[in-house]
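Colleague: Contents of structure.txt (compact mmCIF, C-alpha atoms) are given next:
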# COMPACT_ATOMS: atom_id res chain seq x y z
CA THR A 1 0.00 0.00 0.00
CA GLY A 2 1.03 3.62 -0.33
CA ARG A 3 2.65 5.21 2.72
CA ILE A 4 0.57 7.98 4.32
CA THR A 5 3.00 10.73 5.24
CA GLN A 6 0.55 13.56 5.94
CA SER A 7 -3.08 13.36 6.94
CA ASN A 8 -5.79 15.88 7.74
CA ASP A 9 -9.10 16.09 9.54
CA ARG A 10 -11.24 15.70 6.45
CA THR A 11 -9.68 12.37 5.49
CA ASP A 12 -9.08 11.09 9.00
CA PRO A 13 -10.31 7.51 9.62
CA ARG A 14 -12.51 8.84 12.44
CA MET A 15 -14.42 10.99 9.97
CA SER A 16 -17.51 9.48 8.37
CA LEU A 17 -17.93 10.50 4.73
CA PRO A 18 -21.40 10.26 3.21
CA ASN A 19 -21.42 7.81 0.31
CA ALA A 20 -22.19 10.59 -2.17
CA VAL A 21 -19.08 12.61 -1.21
CA PRO A 22 -16.04 11.72 -3.33
CA VAL A 23 -12.43 12.21 -2.31
CA VAL A 24 -10.38 14.17 -4.84
CA MET A 25 -7.16 12.26 -5.56
CA VAL A 26 -4.50 14.32 -7.34
CA MET A 27 -1.88 12.19 -9.09
CA ALA A 28 1.61 13.73 -8.90
CA ALA A 29 3.80 10.63 -8.67
CA GLY A 30 5.35 10.25 -12.13
CA ALA A 31 8.93 10.86 -13.21
CA ALA A 32 7.72 12.96 -16.18
CA THR A 33 10.27 11.42 -18.55
CA ARG A 34 8.45 12.68 -21.66
CA TYR A 35 8.49 16.22 -20.31
CA GLY A 36 12.22 16.08 -19.59
CA SER A 37 12.11 17.39 -16.01
CA ALA A 38 10.01 17.35 -12.85
CA LYS A 39 6.76 18.34 -14.56
CA GLN A 40 4.94 18.69 -11.26
CA LEU A 41 7.29 21.57 -10.40
CA ALA A 42 6.85 23.47 -13.66
CA ARG A 43 5.58 26.97 -12.99
CA LEU A 44 2.53 28.66 -14.40
CA PRO A 45 2.66 32.35 -15.39
CA SER A 46 1.37 33.15 -11.90
CA GLY A 47 4.53 31.59 -10.46
CA CYS A 48 2.61 28.72 -8.84
CA THR A 49 3.82 25.19 -9.57
CA LEU A 50 1.52 22.78 -11.35
CA VAL A 51 1.18 20.49 -8.34
CA ARG A 52 0.34 23.27 -5.90
CA HIS A 53 -2.14 24.76 -8.36
CA ALA A 54 -3.86 21.38 -8.76
CA ALA A 55 -3.94 20.86 -4.98
CA VAL A 56 -5.37 24.31 -4.28
CA THR A 57 -7.97 23.84 -7.01
CA ALA A 58 -9.03 20.57 -5.40
CA ILE A 59 -9.19 22.11 -1.92
CA GLU A 60 -11.38 24.94 -3.22
CA THR A 61 -14.13 22.37 -3.87
CA GLY A 62 -14.54 21.78 -0.14
CA LEU A 63 -14.15 18.05 -0.77
CA PRO A 64 -11.49 15.97 1.00
CA VAL A 65 -8.24 15.92 -0.95
CA GLN A 66 -5.39 13.43 -1.22
CA VAL A 67 -2.23 13.98 -3.28
CA VAL A 68 -0.22 10.95 -4.40
CA ILE A 69 3.49 11.65 -4.78
CA GLY A 70 6.38 9.41 -5.84
CA ALA A 71 9.25 10.48 -8.09
CA HIS A 72 10.70 13.82 -6.97
CA GLY A 73 8.79 13.12 -3.75
CA GLU A 74 10.44 15.56 -1.36
CA LEU A 75 10.50 18.37 -3.91
CA VAL A 76 6.81 17.85 -4.66
CA ARG A 77 5.98 17.59 -0.96
CA SER A 78 7.65 20.94 -0.32
CA GLU A 79 5.16 22.56 -2.71
CA LEU A 80 2.25 21.29 -0.60
CA VAL A 81 3.32 22.78 2.74
CA GLY A 82 0.49 24.48 4.59
CA LEU A 83 -2.32 22.95 2.54
CA ASP A 84 -5.24 21.07 4.10
CA LEU A 85 -4.81 17.72 2.41
CA ALA A 86 -3.48 14.21 2.84
CA ILE A 87 -0.24 13.08 1.16
CA VAL A 88 0.47 9.49 0.17
CA ASP A 89 3.87 8.26 -0.99
CA ALA A 90 3.50 5.82 -3.89
CA THR A 91 6.55 3.77 -3.00
CA GLU A 92 6.29 1.79 -6.26
CA TRP A 93 5.69 4.75 -8.60
CA TRP A 94 8.34 3.40 -10.97
CA ARG A 95 5.96 0.57 -11.90
CA GLY A 96 3.69 3.04 -13.72
CA ILE A 97 0.80 5.35 -13.02
CA GLY A 98 -1.51 2.37 -12.66
CA ARG A 99 0.46 1.16 -9.67
CA SER A 100 0.56 4.68 -8.21
CA ILE A 101 -3.24 4.92 -8.49
CA ALA A 102 -3.55 1.53 -6.81
CA GLN A 103 -1.35 2.56 -3.91
CA GLY A 104 -3.24 5.83 -3.53
CA VAL A 105 -6.59 4.03 -3.38
CA ASP A 106 -5.17 1.45 -0.96
CA ALA A 107 -4.13 4.25 1.40
CA LEU A 108 -7.49 5.97 1.01
CA VAL A 109 -9.45 2.86 1.92
CA ASP A 110 -7.11 2.16 4.84
CA ARG A 111 -7.59 5.66 6.18
CA LEU A 112 -11.36 5.90 5.75
CA GLY A 113 -12.07 2.33 6.75
CA LYS A 114 -14.47 1.87 3.83
CA PRO A 115 -14.59 2.45 0.08
CA THR A 116 -15.71 5.83 -1.18
CA ALA A 117 -16.02 7.42 -4.58
CA VAL A 118 -12.75 8.75 -6.01
CA LEU A 119 -12.51 11.84 -8.19
CA LEU A 120 -9.22 11.22 -9.97
CA THR A 121 -7.35 14.15 -11.49
CA LEU A 122 -3.78 14.92 -12.53
CA ALA A 123 -1.28 17.52 -11.38
CA ASP A 124 -0.62 18.54 -14.99
CA LEU A 125 -4.13 19.73 -15.85
CA PRO A 126 -3.95 23.44 -15.01
CA GLN A 127 -7.08 24.06 -17.09
CA VAL A 128 -9.21 22.14 -14.57
CA THR A 129 -11.15 24.42 -12.25
CA SER A 130 -12.82 23.76 -8.92
CA GLU A 131 -16.13 24.28 -10.75
CA ASP A 132 -15.23 21.43 -13.11
CA LEU A 133 -14.56 19.11 -10.18
CA LEU A 134 -17.75 20.19 -8.42
CA ARG A 135 -19.73 19.53 -11.57
CA LEU A 136 -18.53 15.94 -11.57
CA ALA A 137 -19.26 15.62 -7.84
CA GLY A 138 -22.77 17.00 -8.38
CA LEU A 139 -23.46 14.54 -11.18
CA HIS A 140 -22.21 11.76 -8.92
CA ARG A 141 -24.79 12.72 -6.29
CA GLN A 142 -27.50 12.46 -8.93
CA SER A 143 -26.24 9.16 -10.41
CA PRO A 144 -23.98 7.49 -7.83
CA ASP A 145 -23.58 4.28 -9.82
CA ARG A 146 -22.24 5.95 -12.98
CA LEU A 147 -18.57 6.30 -13.90
CA LEU A 148 -17.90 9.87 -15.04
CA VAL A 149 -15.15 10.88 -17.45
CA SER A 150 -14.28 14.28 -18.90
CA GLY A 151 -14.61 14.77 -22.61
CA PHE A 152 -16.77 14.48 -25.66
CA GLY A 153 -16.78 12.09 -28.61
CA ASP A 154 -13.59 10.04 -28.67
CA ASN A 155 -11.66 12.60 -26.62
CA ARG A 156 -11.99 11.39 -23.07
CA GLY A 157 -9.79 11.47 -20.00
CA PRO A 158 -9.36 12.83 -16.49
CA PRO A 159 -10.72 14.18 -14.29
CA CYS A 160 -12.72 10.97 -13.83
CA LEU A 161 -15.06 10.01 -11.01
CA PHE A 162 -15.15 6.34 -10.01
CA PRO A 163 -17.98 5.07 -7.79
CA ALA A 164 -17.07 3.08 -4.71
CA ASP A 165 -17.63 -0.32 -6.33
CA CYS A 166 -14.84 0.45 -8.83
CA LEU A 167 -12.22 0.76 -6.10
CA PRO A 168 -11.17 -2.93 -6.11
CA ALA A 169 -10.40 -2.63 -9.83
CA LEU A 170 -8.40 0.55 -9.20
CA GLN A 171 -6.48 -1.23 -6.43
CA ALA A 172 -5.49 -3.95 -8.93
CA LEU A 173 -4.01 -1.56 -11.51
CA GLU A 174 -0.48 -1.93 -12.83
CA GLY A 175 1.58 -0.39 -15.62
CA ASP A 176 1.36 2.84 -17.58
CA ASP A 177 -2.21 2.71 -18.88
CA GLY A 178 -3.66 4.35 -15.79
CA ALA A 179 -7.34 3.63 -15.21
CA ARG A 180 -8.28 3.20 -18.89
CA GLY A 181 -8.97 -0.50 -18.40
CA VAL A 182 -11.41 0.22 -15.58
CA VAL A 183 -13.26 2.74 -17.74
CA LYS A 184 -13.38 0.28 -20.64
CA ALA A 185 -14.63 -2.55 -18.43
CA ASN A 186 -17.48 -0.32 -17.24
CA ALA A 187 -18.30 1.20 -20.63
CA ALA A 188 -22.03 0.56 -20.27
CA ARG A 189 -22.29 2.96 -17.33
CA VAL A 190 -19.80 5.64 -18.40
CA ILE A 191 -21.04 9.20 -18.84
CA ALA A 192 -18.79 11.63 -20.73
CA VAL A 193 -19.02 15.13 -19.27
CA PRO A 194 -17.83 17.92 -21.61
CA LEU A 195 -15.19 19.87 -19.69
CA ALA A 196 -12.56 22.17 -21.15
CA ALA A 197 -9.58 20.34 -19.65
CA LEU A 198 -8.78 17.35 -21.82
CA PHE A 199 -5.04 17.65 -22.39
CA GLY A 200 -2.19 17.87 -19.91
CA VAL A 201 1.19 19.52 -20.21
CA ASP A 202 2.74 16.62 -22.16
CA ALA A 203 0.06 16.78 -24.84
CA LEU A 204 0.19 20.55 -25.02
CA ALA A 205 3.96 20.46 -25.43
CA TYR A 206 3.60 17.87 -28.19
CA ARG A 207 1.04 20.05 -29.99
CA LEU A 208 3.41 23.02 -29.72
CA GLY A 209 6.36 21.01 -31.00
CA ASP A 210 6.71 23.08 -34.15
CA ALA A 211 7.18 26.14 -31.95
CA GLY A 212 10.11 24.51 -30.18
CA ALA A 213 8.40 23.10 -27.08
CA LYS A 214 9.88 19.86 -25.78
CA ALA A 215 7.48 16.90 -25.71
Please render this file's structure as structure tokens.
Modeller:
Amino acid sequence: TGRITQSNDRTDPRMSLPNAVPVVMVMAAGAATRYGSAKQLARLPSGCTLVRHAAVTAIETGLPVQVVIGAHGELVRSELVGLDLAIVDATEWWRGIGRSIAQGVDALVDRLGKPTAVLLTLADLPQVTSEDLLRLAGLHRQSPDRLLVSGFGDNRGPPCLFPADCLPALQALEGDDGARGVVKANAARVIAVPLAALFGVDALAYRLGDAGAKA
């Protein structure tokens, strides 16, 4: 399981979360090899790092927040100082984002003592707003058995909201495909929610390749 290295009141095991309240899990564990550096620490024009921006955005929803770190762990952790969230070290991050998700969900279940819905987002989606996350959470309250993904048509991705019964499948993930297999296995109950944030920093850099950005 992932190692819990910072907790908070809202995700304390003594706290009872209603079933309709998801926990926002921000993934910031990767080595960012395609980006060429610690992507989580890249700075936005405001001067804020991607990981801190993602964490603050999640906190602004009022939902409980957990950040999963791994590669560049201590540097990433230093960007989260003073924030009301839980931090989990994905000790096997090198096995791929799937394994990091699994370790994050393991730690979440251990801490809460029961499964809960997980709103999975990435540190490298600066376009995602707290309103986007709250929209997914609101749809989950209306249809708690549906798996929600961001996108339209064939363009789909995180943030994604997984109902509690999907957690065992998330805990079994391995490799670099993330949670795609879980979404595919539950295709009959997937709802695609059109949000603006469909591409992370890697994809944006790739699209800007002709302008000299490094993919």
Colleague: Which is closest to Gly96 in chain A among A:Asp145, A:Asp132, A:Asp176, A:Asp84, if we use all atoms listed in the file?
Modeller: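 Nearest to Gly96 in chain A: A:Asp176.
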Colleague: Looking at all atoms listed in the file, which of A:Leu173, A:Val149, A:Leu85, A:Val24 is the one that sits closest to Asn186 in chain A?
Modeller: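 Under the stated criterion, the closest residue is A:Val149.
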Colleague: In file coordinates, which residues lie within 12 Å of (-4.3, 19.3, -9.2) using all atoms listed in the file, given as an NGL selection string?
Modeller: :A and (24-29 or 40-41 or 48-61 or 65-69 or 79-80 or 85 or 119-130 or 132-133 or 158-159 or 197 or 200)
Colleague: Got a sec: who's within 12 Å of range 166-168 of chain A, counting all atoms listed in the file, leaving out chain neighbours fewer than 4 positions off, as JSON, numbers by chain?
Modeller: {"A": [22, 101, 102, 103, 104, 105, 106, 107, 108, 109, 114, 115, 116, 117, 118, 119, 120, 144, 145, 146, 147, 148, 160, 161, 162, 172, 173, 179, 181, 182, 183, 184, 185, 186, 189, 190]}
Colleague: For the selection you just gave me, I'd like the residues written to a file as a PDB file, in the frame of the given file, keeping C-alpha atoms.
Modeller:
ATOM      1  CA  PRO A  22     -16.040  11.720  -3.330  1.00  0.00           C
ATOM      2  CA  ILE A 101      -3.240   4.920  -8.490  1.00  0.00           C
ATOM      3  CA  ALA A 102      -3.550   1.530  -6.810  1.00  0.00           C
ATOM      4  CA  GLN A 103      -1.350   2.560  -3.910  1.00  0.00           C
ATOM      5  CA  GLY A 104      -3.240   5.830  -3.530  1.00  0.00           C
ATOM      6  CA  VAL A 105      -6.590   4.030  -3.380  1.00  0.00           C
ATOM      7  CA  ASP A 106      -5.170   1.450  -0.960  1.00  0.00           C
ATOM      8  CA  ALA A 107      -4.130   4.250   1.400  1.00  0.00           C
ATOM      9  CA  LEU A 108      -7.490   5.970   1.010  1.00  0.00           C
ATOM     10  CA  VAL A 109      -9.450   2.860   1.920  1.00  0.00           C
ATOM     11  CA  LYS A 114     -14.470   1.870   3.830  1.00  0.00           C
ATOM     12  CA  PRO A 115     -14.590   2.450   0.080  1.00  0.00           C
ATOM     13  CA  THR A 116     -15.710   5.830  -1.180  1.00  0.00           C
ATOM     14  CA  ALA A 117     -16.020   7.420  -4.580  1.00  0.00           C
ATOM     15  CA  VAL A 118     -12.750   8.750  -6.010  1.00  0.00           C
ATOM     16  CA  LEU A 119     -12.510  11.840  -8.190  1.00  0.00           C
ATOM     17  CA  LEU A 120      -9.220  11.220  -9.970  1.00  0.00           C
ATOM     18  CA  PRO A 144     -23.980   7.490  -7.830  1.00  0.00           C
ATOM     19  CA  ASP A 145     -23.580   4.280  -9.820  1.00  0.00           C
ATOM     20  CA  ARG A 146     -22.240   5.950 -12.980  1.00  0.00           C
ATOM     21  CA  LEU A 147     -18.570   6.300 -13.900  1.00  0.00           C
ATOM     22  CA  LEU A 148     -17.900   9.870 -15.040  1.00  0.00           C
ATOM     23  CA  CYS A 160     -12.720  10.970 -13.830  1.00  0.00           C
ATOM     24  CA  LEU A 161     -15.060  10.010 -11.010  1.00  0.00           C
ATOM     25  CA  PHE A 162     -15.150   6.340 -10.010  1.00  0.00           C
ATOM     26  CA  ALA A 172      -5.490  -3.950  -8.930  1.00  0.00           C
ATOM     27  CA  LEU A 173      -4.010  -1.560 -11.510  1.00  0.00           C
ATOM     28  CA  ALA A 179      -7.340   3.630 -15.210  1.00  0.00           C
ATOM     29  CA  GLY A 181      -8.970  -0.500 -18.400  1.00  0.00           C
ATOM     30  CA  VAL A 182     -11.410   0.220 -15.580  1.00  0.00           C
ATOM     31  CA  VAL A 183     -13.260   2.740 -17.740  1.00  0.00           C
ATOM     32  CA  LYS A 184     -13.380   0.280 -20.640  1.00  0.00           C
ATOM     33  CA  ALA A 185     -14.630  -2.550 -18.430  1.00  0.00           C
ATOM     34  CA  ASN A 186     -17.480  -0.320 -17.240  1.00  0.00           C
ATOM     35  CA  ARG A 189     -22.290   2.960 -17.330  1.00  0.00           C
ATOM     36  CA  VAL A 190     -19.800   5.640 -18.400  1.00  0.00           C
TER      37      VAL A 190
END
Colleague: What is the CA of Ala38 in chain A-CA of Leu75 in chain A distance in Å, reported with one decimal?
Modeller: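 Taking CA of Ala38 in chain A as the start and CA of Leu75 in chain A as the end point, the length is 9.0 Å.
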Colleague: Please tell me which residues are no farther than 7 Å from (4.4, 8.2, -2.0) in the file, counting only C-alpha atoms, and write them as a list of chain:residue names.
Modeller: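 Here is the list of nearby residues: A:Gly2, A:Arg3, A:Val68, A:Ile69, A:Gly70, A:Gly73, A:Val88, A:Asp89, A:Ala90, A:Thr91.
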Colleague: For the selection you just gave me, I'd like the residues written to a file as a short mmCIF file (atom, residue, chain, number, x, y, z; two decimals), in the frame of the given file, keeping C-alpha atoms.
Modeller:
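For reference, out33.cif as written:
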data_model
loop_
_atom_site.label_atom_id
_atom_site.label_comp_id
_atom_site.auth_asym_id
_atom_site.auth_seq_id
_atom_site.Cartn_x
_atom_site.Cartn_y
_atom_site.Cartn_z
CA GLY A 2 1.03 3.62 -0.33
CA ARG A 3 2.65 5.21 2.72
CA VAL A 68 -0.22 10.95 -4.40
CA ILE A 69 3.49 11.65 -4.78
CA GLY A 70 6.38 9.41 -5.84
CA GLY A 73 8.79 13.12 -3.75
CA VAL A 88 0.47 9.49 0.17
CA ASP A 89 3.87 8.26 -0.99
CA ALA A 90 3.50 5.82 -3.89
CA THR A 91 6.55 3.77 -3.00
#
Colleague: Need to verify the contact set: Ser150 in chain A, 7 Å, only C-alpha atoms, exclusion of same-chain residues closer than 5 positions in sequence. Can you return it as a ChimeraX atom specification?
Modeller: /A:156-160,192-195,198
Colleague: Write a file of the selected residues as a CSV table (one decimal), keeping the file's coordinate frame, keeping C-alpha atoms.
Modeller:
chain,number,residue,atom,x,y,z
A,156,ARG,CA,-12.0,11.4,-23.1
A,157,GLY,CA,-9.8,11.5,-20.0
A,158,PRO,CA,-9.4,12.8,-16.5
A,159,PRO,CA,-10.7,14.2,-14.3
A,160,CYS,CA,-12.7,11.0,-13.8
A,192,ALA,CA,-18.8,11.6,-20.7
A,193,VAL,CA,-19.0,15.1,-19.3
A,194,PRO,CA,-17.8,17.9,-21.6
A,195,LEU,CA,-15.2,19.9,-19.7
A,198,LEU,CA,-8.8,17.4,-21.8
Colleague: Can you tell me how far CA of Gln142 in chain A sits from CA of Gln171 in chain A, in Å to one decimal?
Modeller: 25.2 Å
Colleague: Closest to Arg111 in chain A among A:Ile87, A:Leu139, A:Ala31, A:Trp94, using all atoms listed in the file?
Modeller: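 Selected residue with least distance to Arg111 in chain A: A:Ile87.
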Colleague: Report, in Å to a single decimal, how far apart CA of Leu170 in chain A and CA of Val81 in chain A are.
Modeller: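 Pair CA of Val81 in chain A / CA of Leu170 in chain A returns 27.8 Å.
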